[in-house]
$ cat run_27.cif   # mmCIF, C-alpha atoms
data_model
loop_
_atom_site.label_atom_id
_atom_site.label_comp_id
_atom_site.auth_asym_id
_atom_site.auth_seq_id
_atom_site.Cartn_x
_atom_site.Cartn_y
_atom_site.Cartn_z
CA MET E 1392 -3.70 -24.23 -26.88
CA TYR E 1393 -5.54 -20.90 -27.13
CA ASP E 1394 -5.13 -20.62 -30.88
CA ASP E 1395 -7.16 -23.75 -31.61
CA TRP E 1396 -10.29 -22.80 -29.66
CA SER E 1397 -12.77 -20.13 -30.73
CA LYS E 1398 -16.36 -19.11 -30.11
CA THR E 1399 -17.45 -21.87 -32.49
CA GLY E 1400 -15.66 -24.41 -30.32
CA PRO E 1401 -12.45 -26.41 -30.33
CA ASN E 1402 -10.77 -28.18 -33.22
CA ALA E 1403 -9.17 -31.66 -33.14
CA ASN E 1404 -5.70 -30.35 -32.23
CA TRP E 1405 -7.16 -28.42 -29.31
CA CYS E 1406 -9.03 -31.50 -28.09
CA LYS E 1407 -5.85 -33.61 -28.14
CA ARG E 1408 -3.77 -31.00 -26.30
CA THR E 1409 -6.55 -30.40 -23.77
CA GLN E 1410 -6.87 -34.13 -23.08
CA ASP E 1411 -3.09 -34.19 -22.46
CA PHE E 1412 -3.56 -31.32 -20.02
CA VAL E 1413 -6.42 -33.09 -18.20
CA SER E 1414 -4.35 -36.29 -17.95
CA HIS E 1415 -1.45 -34.28 -16.52
CA ALA E 1416 -3.74 -32.44 -14.07
CA PHE E 1417 -5.22 -35.66 -12.73
CA SER E 1418 -1.89 -37.51 -12.50
CA THR E 1419 -1.34 -36.48 -8.85
CA ALA E 1420 -2.33 -38.83 -6.04
CA ASN E 1421 -5.34 -36.98 -4.59
CA ALA E 1422 -6.65 -35.39 -7.80
CA HIS E 1423 -9.35 -38.01 -8.38
CA ILE E 1424 -10.55 -37.68 -4.77
CA GLU E 1425 -10.43 -33.90 -4.28
CA GLY E 1426 -10.70 -32.78 -7.90
CA VAL E 1427 -8.43 -30.11 -9.40
CA PRO E 1428 -8.84 -26.37 -9.94
CA CYS E 1429 -10.83 -25.86 -13.14
CA PRO E 1430 -8.95 -23.54 -15.54
CA CYS E 1431 -11.99 -22.76 -17.70
CA SER E 1432 -12.80 -19.12 -18.39
CA ILE E 1433 -15.73 -19.28 -15.96
CA CYS E 1434 -14.15 -21.07 -12.97
CA GLY E 1435 -10.75 -19.36 -13.35
CA ASN E 1436 -8.91 -21.98 -11.23
CA PHE E 1437 -11.09 -21.15 -8.20
CA LYS E 1438 -13.49 -24.13 -8.27
CA ARG E 1439 -12.39 -27.75 -8.06
CA GLN E 1440 -13.91 -30.17 -10.57
CA ASN E 1441 -13.74 -33.89 -11.24
CA GLU E 1442 -12.18 -35.09 -14.50
CA TYR E 1443 -15.45 -35.29 -16.45
CA ASN E 1444 -16.70 -31.84 -15.39
CA LEU E 1445 -13.30 -30.24 -15.97
CA SER E 1446 -13.15 -31.61 -19.53
CA HIS E 1447 -16.74 -30.52 -20.15
CA HIS E 1448 -16.03 -26.99 -18.82
CA LEU E 1449 -12.95 -26.62 -21.01
CA VAL E 1450 -14.78 -27.70 -24.16
CA LYS E 1451 -17.70 -25.42 -23.38
CA ASN E 1452 -15.88 -22.34 -22.01
CA GLY E 1453 -12.25 -22.58 -23.12
CA PHE E 1454 -9.27 -21.88 -20.88
CA VAL E 1455 -8.90 -18.83 -18.67
CA PRO E 1456 -6.88 -16.27 -20.69
CA ASN E 1457 -3.07 -16.30 -20.36
CA TYR E 1458 -2.84 -19.57 -18.42
CA PHE E 1459 0.35 -20.75 -20.11
CA ILE E 1460 2.21 -22.08 -17.07
CA TRP E 1461 0.03 -24.60 -15.25
CA THR E 1462 0.92 -23.48 -11.74
CA TYR E 1463 -2.37 -24.79 -10.32
CA HIS E 1464 -1.76 -28.14 -11.98
CA GLY E 1465 1.75 -29.12 -11.00
CA GLU E 1466 4.02 -26.93 -13.13
CA ASN E 1467 6.49 -24.63 -11.48
CA ALA E 1468 6.72 -21.03 -12.56
CA PRO E 1469 10.19 -20.02 -13.73
CA PRO E 1470 12.11 -17.88 -11.25
CA PRO E 1471 11.75 -14.15 -11.91
CA ALA E 1472 14.46 -12.62 -14.04
CA ASN E 1473 17.16 -11.04 -11.92
CA GLU E 1474 17.57 -7.84 -13.88
CA GLY E 1475 20.41 -5.99 -12.22
CA TYR E 1476 19.04 -6.56 -8.73
CA ASP E 1477 21.70 -6.50 -6.08
CA ASP E 1478 20.51 -8.67 -3.21
CA SER E 1479 23.22 -7.64 -0.76
CA ASP E 1480 21.83 -5.69 2.16
CA HIS E 1481 24.29 -2.74 2.00
CA LEU E 1482 24.42 -2.62 5.79
CA VAL E 1483 28.00 -1.42 5.78
CA ASP E 1484 27.07 1.41 3.39
CA MET E 1485 24.13 2.45 5.57
CA LEU E 1486 26.25 2.46 8.72
CA GLN E 1487 28.88 4.54 6.95
CA ASP E 1488 26.18 7.01 5.85
CA ILE E 1489 25.01 7.35 9.46
CA ASN E 1490 28.56 7.88 10.62
CA ASP E 1491 29.14 10.51 7.92
CA ALA E 1492 25.92 12.28 8.89
CA ASN E 1493 26.97 12.39 12.54
CA GLN E 1494 30.33 13.91 11.59
CA ASN E 1495 28.57 16.89 10.01
CA THR E 1496 27.97 19.30 12.91
CA GLU E 1497 26.63 22.12 10.75
CA VAL E 1498 22.92 22.59 11.42
CA THR E 1499 20.77 23.60 8.46
CA SER E 1500 17.83 25.98 8.68
CA GLU E 1501 15.49 23.06 8.06
CA ALA E 1502 16.97 21.24 11.04
CA GLU E 1503 16.63 24.37 13.19
CA ASN E 1504 12.95 24.66 12.22
CA PHE E 1505 12.45 20.99 13.04
CA PHE E 1506 14.01 21.40 16.49
CA LYS E 1507 11.82 24.46 17.11
CA LEU E 1508 8.77 22.35 16.29
CA LEU E 1509 9.95 19.66 18.68
CA GLU E 1510 10.39 22.26 21.40
CA ALA E 1511 6.94 23.71 20.71
CA SER E 1512 5.41 20.26 20.88
CA GLU E 1513 6.60 20.00 24.49
CA GLN E 1514 5.90 23.59 25.57
CA PRO E 1515 2.51 23.99 27.33
CA VAL E 1516 0.16 26.81 26.38
CA HIS E 1517 0.46 28.06 29.96
CA LYS E 1518 1.57 26.69 33.32
CA ASP E 1519 -1.88 25.39 34.34
CA THR E 1520 -2.54 23.18 31.31
CA LYS E 1521 -1.13 20.04 29.77
CA GLU E 1522 -2.08 21.14 26.24
CA SER E 1523 1.01 21.97 24.18
CA THR E 1524 1.24 25.09 22.05
CA LEU E 1525 1.72 23.01 18.91
CA SER E 1526 -1.33 20.88 19.69
CA ALA E 1527 -3.47 23.94 20.39
CA VAL E 1528 -2.39 25.68 17.19
CA THR E 1529 -2.95 22.49 15.19
CA ARG E 1530 -6.48 22.21 16.55
CA LEU E 1531 -7.16 25.90 15.83
CA MET E 1532 -5.86 25.59 12.25
CA SER E 1533 -7.99 22.49 11.79
CA PHE E 1534 -11.02 24.46 13.03
CA LYS E 1535 -10.20 27.27 10.58
CA SER E 1536 -9.98 24.82 7.70
CA GLN E 1537 -12.96 22.67 8.64
CA PHE E 1538 -15.35 25.61 8.99
CA ASN E 1539 -13.79 27.75 6.25
CA VAL E 1540 -12.97 30.59 8.65
CA SER E 1541 -11.22 33.59 7.09
CA ALA E 1542 -7.89 34.85 8.39
CA THR E 1543 -9.69 37.86 9.92
CA GLY E 1544 -12.18 35.56 11.66
CA TYR E 1545 -9.30 33.41 12.91
CA ASP E 1546 -7.52 36.51 14.30
CA THR E 1547 -10.72 37.57 16.08
CA LEU E 1548 -11.11 34.10 17.62
CA LEU E 1549 -7.46 34.15 18.77
CA ARG E 1550 -7.93 37.59 20.40
CA LEU E 1551 -10.89 36.16 22.36
CA ILE E 1552 -8.87 33.09 23.40
CA CYS E 1553 -5.87 35.26 24.40
CA ASP E 1554 -8.17 37.46 26.52
CA LEU E 1555 -9.38 34.36 28.37
CA LEU E 1556 -5.91 32.90 28.97
CA PRO E 1557 -3.27 34.15 31.41
CA GLU E 1558 -0.98 36.85 30.03
CA ASP E 1559 2.06 34.56 30.03
CA SER E 1560 0.41 32.03 27.69
CA ASN E 1561 2.31 30.80 24.64
CA ILE E 1562 -0.61 30.91 22.22
CA PRO E 1563 0.06 32.86 18.99
CA LYS E 1564 -1.65 36.24 18.69
CA ASN E 1565 -2.77 35.98 15.06
CA PHE E 1566 -2.94 33.77 11.94
CA ASN E 1567 0.56 34.65 10.71
CA GLU E 1568 2.14 33.68 14.05
CA SER E 1569 0.11 30.43 13.99
CA LYS E 1570 1.58 29.48 10.63
CA LYS E 1571 5.08 29.83 12.08
CA CYS E 1572 4.41 27.37 14.91
#
$ encode --input "run_27.cif" --output "structure tokens"
Amino acid sequence: MYDDWSKTGPNANWCKRTQDFVSHAFSTANAHIEGVPCPCSICGNFKRQNEYNLSHHLVKNGFVPNYFIWTYHGENAPPPANEGYDDSDHLVDMLQDINDANQNTEVTSEAENFFKLLEASEQPVHKDTKESTLSAVTRLMSFKSQFNVSATGYDTLLRLICDLLPEDSNIPKNFNESKKC
């Protein structure tokens, strides 16, 4: 259908095939009442038109590019190709993986670091606050980044904060200790 229409307009073959399309599009029960989506290059199947306007739009504007399957006009799209897709849920495999992972009691250094972070997330800066050490360090590092504070400036700020806090506080003493939190 696209080959027979150009900027100069449609040829006789295009007109015949387009009229067949319009007849097909308006063959449903409510099409003459509600109109059908106009597949012209301007409307793009978004505006509904009556039979006369739809034909006029198609002659004037041509079809929207690549509209080969008339999904807006009663045709069904073919099912997608099933290219090696396995639709089983692999639940048994996943459960076996979990079981295998639980059998491994060896803790890696990454896991140890993770558990240290979890512990730090629950450890308060000192006994009179609810703020955790991890939260405080995260906020301090964010401050350093947001205001482009040097490592020396960060260390100076931490010394001031440590002087203000009780001696048993869990706040890091410098930038390098903060990075380890």
$ resolve_selection --input "run_27.cif" --expression "the PyMOL selection byres ((chain E and resi 1417-1430) around 6)" --output "NGL selection string"
:E and (1414-1416 or 1431 or 1434-1441 or 1445 or 1454-1455)
$ atom_distance --input "run_27.cif" --atom1 "atom CA of Leu1548 of chain E" --atom2 "atom CA of Lys1564 of chain E"
9.8 Å
$ closest_residue --input "run_27.cif" --among "E:Pro1515, E:Ile1552, E:Asp1546, E:Ser1500" --to "Asn1565 of chain E" --atoms "all atoms listed in the file"
E:Asp1546
$ atom_distance --input "run_27.cif" --atom1 "atom CA of Leu1555 of chain E" --atom2 "atom CA of Ser1536 of chain E"
22.8 Å
$ atom_distance --input "run_27.cif" --atom1 "atom CA of Pro1456 of chain E" --atom2 "atom CA of Phe1412 of chain E"
15.4 Å
$ closest_residue --input "run_27.cif" --among "E:Leu1482, E:Val1516, E:Val1540, E:Leu1556" --to "Val1528 of chain E" --atoms "all atoms listed in the file"
E:Val1516
$ closest_residue --input "run_27.cif" --among "E:Tyr1443, E:Thr1529, E:His1517, E:Phe1505" --to "Cys1553 of chain E" --atoms "only C-alpha atoms"
E:His1517
$ residues_around --input "run_27.cif" --residues "Met1532 of chain E" --least-positions-apart "5" --cutoff "10 Å" --atoms "all atoms listed in the file" --output "PDB file with C-alpha atoms, in the frame of the given file"
ATOM      1  CA  SER E1526      -1.330  20.880  19.690  1.00  0.00           C
ATOM      2  CA  ALA E1527      -3.470  23.940  20.390  1.00  0.00           C
ATOM      3  CA  GLN E1537     -12.960  22.670   8.640  1.00  0.00           C
ATOM      4  CA  VAL E1540     -12.970  30.590   8.650  1.00  0.00           C
ATOM      5  CA  TYR E1545      -9.300  33.410  12.910  1.00  0.00           C
ATOM      6  CA  PHE E1566      -2.940  33.770  11.940  1.00  0.00           C
ATOM      7  CA  SER E1569       0.110  30.430  13.990  1.00  0.00           C
ATOM      8  CA  LYS E1570       1.580  29.480  10.630  1.00  0.00           C
TER       9      LYS E1570
END
$ residues_near_point --input "run_27.cif" --point "(3.7, 26.7, 25.1)" --cutoff "10 Å" --atoms "all atoms listed in the file" --output "list in words"
Glu1510, Ala1511, Ser1512, Glu1513, Gln1514, Pro1515, Val1516, His1517, Lys1518, Thr1520, Lys1521, Glu1522, Ser1523, Thr1524, Leu1525, Ser1526, Ala1527, Asp1559, Ser1560, Asn1561, Ile1562 and Pro1563 of chain E
$ decode --input "run_27.cif" --residues "segment 1498-1510 of chain E" --atoms "C-alpha atoms" --output "short mmCIF file (atom, residue, chain, number, x, y, z; two decimals), in the first residue's frame"
data_model
loop_
_atom_site.label_atom_id
_atom_site.label_comp_id
_atom_site.auth_asym_id
_atom_site.auth_seq_id
_atom_site.Cartn_x
_atom_site.Cartn_y
_atom_site.Cartn_z
CA VAL E 1498 32.14 -15.99 55.48
CA THR E 1499 33.89 -13.88 52.86
CA SER E 1500 35.58 -10.57 53.58
CA GLU E 1501 32.82 -8.80 51.67
CA ALA E 1502 30.23 -10.40 53.95
CA GLU E 1503 32.25 -9.40 57.03
CA ASN E 1504 32.38 -5.79 55.80
CA PHE E 1505 28.64 -5.88 55.18
CA PHE E 1506 27.93 -7.14 58.70
CA LYS E 1507 30.20 -4.43 60.13
CA LEU E 1508 28.16 -1.84 58.24
CA LEU E 1509 24.95 -3.32 59.62
CA GLU E 1510 26.37 -3.15 63.12
#
